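As stored in entry_33.tsv (TSV, C-alpha atoms):
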```
chain	number	residue	atom	x	y	z
A	50	MET	CA	77.22	-45.60	19.77
A	51	ALA	CA	74.36	-44.96	17.37
A	52	ARG	CA	71.43	-42.86	18.53
A	53	GLY	CA	68.05	-44.50	18.77
A	54	LYS	CA	65.47	-43.69	16.14
A	55	ILE	CA	62.92	-41.16	17.36
A	56	GLN	CA	59.31	-41.96	16.66
A	57	ILE	CA	57.60	-39.01	14.98
A	58	LYS	CA	54.41	-38.32	16.94
A	59	ARG	CA	52.95	-35.60	19.10
A	60	ILE	CA	54.83	-35.04	22.34
A	61	GLU	CA	52.28	-35.25	25.14
A	62	ASN	CA	54.33	-33.50	27.82
A	63	GLN	CA	53.87	-29.78	27.32
A	64	THR	CA	57.26	-28.78	28.70
A	65	ASN	CA	59.09	-31.28	26.52
A	66	ARG	CA	57.02	-30.20	23.54
A	67	GLN	CA	58.00	-26.54	23.99
A	68	VAL	CA	61.68	-27.42	24.44
A	69	THR	CA	61.67	-29.55	21.30
A	70	TYR	CA	59.90	-26.83	19.35
A	71	SER	CA	62.44	-24.21	20.42
A	72	LYS	CA	65.44	-26.40	19.55
A	73	ARG	CA	64.13	-27.49	16.15
A	74	ARG	CA	62.98	-23.97	15.29
A	75	ASN	CA	66.48	-22.64	15.91
A	76	GLY	CA	67.94	-25.47	13.88
A	77	LEU	CA	65.55	-24.78	11.01
A	78	PHE	CA	66.37	-21.06	11.02
A	79	LYS	CA	70.08	-21.92	11.01
A	80	LYS	CA	69.63	-24.14	7.97
A	81	ALA	CA	67.64	-21.41	6.22
A	82	GLN	CA	70.44	-18.94	6.89
A	83	GLU	CA	73.04	-21.36	5.54
A	84	LEU	CA	70.93	-21.95	2.46
A	85	THR	CA	70.67	-18.18	1.90
A	86	VAL	CA	74.44	-17.69	2.17
A	87	LEU	CA	75.62	-20.80	0.32
A	88	CYS	CA	73.12	-20.81	-2.53
A	89	ASP	CA	72.11	-17.14	-2.72
A	90	ALA	CA	68.52	-18.24	-2.21
A	91	LYS	CA	65.64	-16.17	-0.92
A	92	VAL	CA	64.12	-17.99	2.03
A	93	SER	CA	61.16	-17.08	4.20
A	94	ILE	CA	59.88	-19.14	7.13
A	95	ILE	CA	56.82	-18.32	9.21
A	96	MET	CA	56.10	-20.43	12.30
A	97	ILE	CA	53.32	-20.21	14.88
A	98	SER	CA	53.72	-22.24	18.05
A	99	SER	CA	50.97	-24.00	19.99
A	100	THR	CA	50.94	-20.99	22.32
A	101	GLN	CA	50.17	-18.70	19.33
A	102	LYS	CA	53.62	-17.09	19.30
A	103	LEU	CA	54.85	-16.01	15.88
A	104	HIS	CA	58.42	-16.66	14.74
A	105	GLU	CA	59.73	-15.89	11.29
A	106	TYR	CA	62.90	-15.81	9.25
A	107	ILE	CA	63.45	-13.84	6.05
A	108	SER	CA	66.58	-13.62	3.96
A	109	PRO	CA	68.50	-10.35	4.35
A	110	SER	CA	67.68	-7.54	1.88
A	111	PHE	CA	64.34	-9.27	1.17
A	112	THR	CA	60.86	-8.59	2.53
A	113	THR	CA	57.85	-10.81	3.06
A	114	LYS	CA	55.80	-8.66	0.68
A	115	GLN	CA	58.40	-9.06	-2.05
A	116	LEU	CA	58.27	-12.80	-1.50
A	117	PHE	CA	54.48	-12.90	-1.83
A	118	ASP	CA	54.58	-10.70	-4.93
A	119	GLN	CA	57.15	-12.99	-6.52
A	120	TYR	CA	55.08	-16.02	-5.54
A	121	GLN	CA	51.96	-14.56	-7.17
A	122	LYS	CA	53.93	-13.78	-10.33
A	123	ALA	CA	55.46	-17.25	-10.52
A	124	VAL	CA	52.23	-19.17	-9.79
A	125	GLY	CA	49.90	-16.80	-11.65
A	126	VAL	CA	47.43	-16.19	-8.82
A	127	ASP	CA	46.23	-13.10	-6.99
A	128	LEU	CA	46.29	-13.64	-3.24
A	129	TRP	CA	44.70	-10.27	-2.49
A	130	SER	CA	41.77	-10.15	-4.94
A	131	SER	CA	39.31	-12.05	-2.75
A	132	GLN	CA	40.25	-10.02	0.32
A	133	TYR	CA	40.00	-6.80	-1.67
A	134	GLU	CA	36.52	-7.73	-2.88
A	135	LYS	CA	35.37	-8.37	0.70
A	136	MET	CA	36.77	-5.04	1.84
A	137	GLN	CA	35.08	-3.30	-1.09
A	138	GLN	CA	31.73	-4.87	-0.21
A	139	GLN	CA	32.09	-3.82	3.42
A	140	LEU	CA	32.98	-0.30	2.32
A	141	ASN	CA	29.89	-0.09	0.12
A	142	LYS	CA	27.69	-1.22	3.02
A	143	LEU	CA	29.16	1.45	5.28
A	144	LYS	CA	28.59	4.07	2.59
A	145	ASP	CA	24.92	3.02	2.34
A	146	VAL	CA	24.52	3.27	6.12
A	147	ASN	CA	26.14	6.71	6.14
A	148	ARG	CA	23.94	7.92	3.30
A	149	ASN	CA	20.77	6.70	5.04
A	150	LEU	CA	21.77	8.39	8.30
A	151	LYS	CA	22.41	11.69	6.55
A	152	SER	CA	19.03	11.46	4.81
A	153	GLU	CA	17.32	10.69	8.12
A	154	ILE	CA	18.95	13.70	9.78
A	155	ARG	CA	17.87	16.02	6.95
A	156	ARG	CA	14.28	14.78	7.21
A	157	ARG	CA	14.20	15.30	10.97
A	158	ILE	CA	15.15	18.97	10.52
A	159	GLY	CA	12.52	19.48	7.81
A	160	GLU	CA	14.63	19.02	4.69
A	161	SER	CA	14.15	16.56	1.80
A	162	VAL	CA	10.58	15.67	2.85
A	163	ASN	CA	8.86	16.38	-0.49
A	164	ASP	CA	9.79	12.97	-1.88
A	165	LEU	CA	8.39	11.04	1.08
A	166	GLY	CA	5.37	8.80	0.62
A	167	TYR	CA	2.43	8.59	2.99
A	168	ASP	CA	3.82	5.69	5.05
A	169	GLU	CA	7.26	7.26	5.27
A	170	THR	CA	5.73	10.55	6.42
A	171	VAL	CA	3.68	8.80	9.12
A	172	ASN	CA	6.76	6.92	10.34
A	173	LEU	CA	8.77	10.14	10.43
A	174	ILE	CA	6.08	11.92	12.50
A	175	GLU	CA	5.92	8.98	14.90
A	176	ASP	CA	9.70	8.93	15.30
A	177	ILE	CA	9.74	12.67	16.00
A	178	HIS	CA	6.98	12.31	18.63
A	179	ASN	CA	8.87	9.48	20.31
A	180	SER	CA	12.06	11.54	20.34
A	181	LEU	CA	10.22	14.52	21.86
A	182	HIS	CA	8.76	12.24	24.54
A	183	VAL	CA	12.21	10.99	25.51
A	184	ILE	CA	13.57	14.55	25.61
A	185	ARG	CA	10.66	15.74	27.79
A	186	GLU	CA	11.10	12.86	30.24
A	187	ARG	CA	14.80	13.60	30.65
A	188	LYS	CA	14.15	17.32	31.06
A	189	TYR	CA	11.37	16.73	33.61
A	190	LYS	CA	13.73	14.55	35.60
A	191	VAL	CA	16.40	17.25	35.66
A	192	ILE	CA	13.86	19.92	36.65
A	193	GLY	CA	12.40	17.63	39.33
A	194	ASN	CA	15.83	17.09	40.87
A	195	GLN	CA	16.41	20.85	40.88
A	196	ILE	CA	13.04	21.43	42.57
A	197	GLU	CA	13.77	18.84	45.26
A	198	THR	CA	17.14	20.46	45.92
A	199	GLY	CA	15.47	23.86	46.20
A	200	LYS	CA	12.86	22.49	48.62
A	201	LYS	CA	15.57	20.99	50.83
A	202	LYS	CA	17.40	24.32	50.94
A	203	LEU	CA	14.11	26.11	51.73
A	204	ARG	CA	13.33	23.70	54.59
A	205	ASN	CA	16.81	24.24	55.90
A	206	VAL	CA	16.35	28.01	55.88
A	207	GLU	CA	12.97	27.64	57.61
A	208	ASP	CA	14.54	25.49	60.34
A	209	ILE	CA	17.26	28.07	60.90
A	210	HIS	CA	14.70	30.87	60.97
A	211	ARG	CA	12.56	28.96	63.48
A	212	ASN	CA	15.58	28.38	65.73
A	213	LEU	CA	16.42	32.07	65.58
A	214	LEU	CA	12.85	32.96	66.57
A	215	LEU	CA	13.01	30.56	69.51
A	216	GLU	CA	16.28	32.14	70.55
A	217	PHE	CA	14.75	35.61	70.31
A	218	ASP	CA	11.59	34.61	72.24
A	219	ALA	CA	13.70	33.04	74.96
A	220	ARG	CA	15.59	36.28	75.38
A	221	GLN	CA	12.34	38.27	75.57
A	222	ASP	CA	10.68	35.94	78.11
A	223	ASP	CA	13.66	35.35	80.38
A	224	PRO	CA	15.65	38.49	81.33
A	225	HIS	CA	18.31	36.23	82.86
A	226	TYR	CA	18.81	34.29	79.58
A	227	GLY	CA	22.49	34.04	78.84
A	228	LEU	CA	23.57	33.68	82.49
A	229	VAL	CA	25.55	30.59	83.42
A	230	GLU	CA	25.31	29.38	86.98
A	231	ASN	CA	28.31	30.35	89.11
A	232	GLU	CA	30.10	31.77	86.06
A	233	GLY	CA	28.63	35.25	85.70
A	234	ASP	CA	27.09	37.01	82.70
A	235	TYR	CA	27.92	35.66	79.25
A	236	ASN	CA	27.44	37.15	75.80
A	237	SER	CA	25.93	34.86	73.14
A	238	VAL	CA	27.27	34.55	69.61
A	239	LEU	CA	25.49	32.71	66.79
A	240	GLY	CA	27.23	31.42	63.67
A	241	PHE	CA	27.16	28.72	61.06
A	242	THR	CA	29.47	25.74	60.99
A	243	ASN	CA	32.24	25.68	58.40
A	244	GLY	CA	30.68	24.46	55.13
A	245	GLY	CA	27.37	23.47	56.80
A	246	HIS	CA	23.92	24.86	57.52
A	247	GLN	CA	23.70	24.30	61.32
A	248	ILE	CA	23.75	27.11	63.85
A	249	VAL	CA	26.46	27.10	66.50
A	250	ALA	CA	25.75	29.11	69.67
A	251	LEU	CA	28.79	30.21	71.67
A	252	ARG	CA	28.85	32.22	74.89
A	253	PHE	CA	31.77	34.31	76.07
A	254	PRO	CA	32.23	36.29	79.27
A	255	ALA	CA	30.90	39.83	79.00
A	256	ASN	CA	34.36	41.32	79.50
A	257	GLN	CA	35.83	39.39	76.55
A	258	HIS	CA	35.33	40.09	72.85
A	259	PRO	CA	36.04	37.08	70.60
A	260	TYR	CA	37.63	37.65	67.22
A	261	LEU	CA	35.21	36.76	64.38
A	262	HIS	CA	36.37	36.33	60.81
A	263	SER	CA	35.09	34.95	57.48
A	264	GLY	CA	37.40	32.06	56.64
A	265	GLY	CA	41.19	31.74	56.74
A	266	GLY	CA	43.41	30.69	59.61
A	267	GLY	CA	43.54	31.91	63.17
A	268	SER	CA	41.21	31.46	66.13
A	269	GLY	CA	37.60	32.45	66.61
A	270	LEU	CA	34.43	31.52	64.77
A	271	THR	CA	34.37	30.85	61.02
A	272	THR	CA	31.16	31.82	59.25
A	273	PHE	CA	30.03	31.20	55.65
A	274	ASP	CA	26.95	32.03	53.59
A	275	LEU	CA	24.00	29.73	54.15
A	276	LEU	CA	23.21	29.11	50.47
A	277	ASP	CA	25.65	28.64	47.59
```

Rendering of file as structure tokens:
Amino acid sequence: MARGKIQIKRIENQTNRQVTYSKRRNGLFKKAQELTVLCDAKVSIIMISSTQKLHEYISPSFTTKQLFDQYQKAVGVDLWSSQYEKMQQQLNKLKDVNRNLKSEIRRRIGESVNDLGYDETVNLIEDIHNSLHVIRERKYKVIGNQIETGKKKLRNVEDIHRNLLLEFDARQDDPHYGLVENEGDYNSVLGFTNGGHQIVALRFPANQHPYLHSGGGGSGLTTFDLLD
């Protein structure tokens, strides 16, 4: 039974279109391989699908560059001259930019200024003043942050000092300070919290002596310096 004639037009269904592309691509590559073997021909096929996937076939022992070189020689055209000219123009522009930047840097450090005209000198002075202004603003901000940090640490020290004075005054005014109701006489111990700046007051019975240490494991009270 003869197969029906297929109408050549775009396949609307995407899945069917991809399946048809894959089958016909493989068939085309197979024909190119047969042509290479049977006729000793040099064949190159480059295909890009609708999903922007690249597929290519090149005869064995032959490269795409060799094919293009042979094509240029046979047709008498240079495929790379226009691209080379564009790359050369772009390179020249980058060289000009680099040269101007180097000249600008030399002028900003006081070199190569003898050839400057009046307007160029004025613009250079203005640029330097603007740069100094930006540098000062950034430096002032850094110094301001450092001052605020120092003030916070100073206020913290003042609060701790004030609490210590209150503790001392309370001991002077009340001879029974440190006594806990129905629990006997207690000794007071002051220390700082681990990694913080708050005072921790602990009281132990007078007949007990707690173990105090400066970091590490074990029991007792951990103390650290107030300021870094």

Sphere at (67.1, -7.2, 1.7), radius 12 Å, counting all atoms listed in the file: residues as a list in words: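 Output of the proximity query reads Thr85, Asp89, Ala90, Lys91, Val92, Ser93, Ile107, Ser108, Pro109, Ser110, Phe111, Thr112, Thr113, Lys114, Gln115 and Leu116 of chain A.
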
Atomic separation - atom CA of Ser98 of chain A relative to atom CA of Thr64 of chain A, Å: 13.0 Å

Coordinates-based distance that separates atom CA of Gln138 of chain A from atom CA of Arg156 of chain A (Å, one decimal):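 Taking atom CA of Arg156 of chain A as the start and atom CA of Gln138 of chain A as the end point, the length is 27.3 Å.
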
Of the listed residues A:Arg185, A:His210, A:Lys102, A:Lys54, that which approaches Gln67 of chain A most closely, counting all atoms listed in the file: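 Using all atoms listed in the file, Gln67 of chain A sits closest to A:Lys102.
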
For atom CA of Leu165 of chain A and atom CA of Lys151 of chain A, the interatomic separation in Å (one decimal):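 Straight-line distance from atom CA of Leu165 of chain A to atom CA of Lys151 of chain A works out to 15.1 Å.
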
Shortest interatomic distance to Thr100 of chain A - which of A:Ile192, A:Asn205, A:Tyr70, A:Asn163, counting only C-alpha atoms: A:Tyr70

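Among the candidates A:His104, A:Lys202, A:Lys58, A:Arg211, the one nearest to Ser71 of chain A when counting all atoms listed in the file is A:His104.
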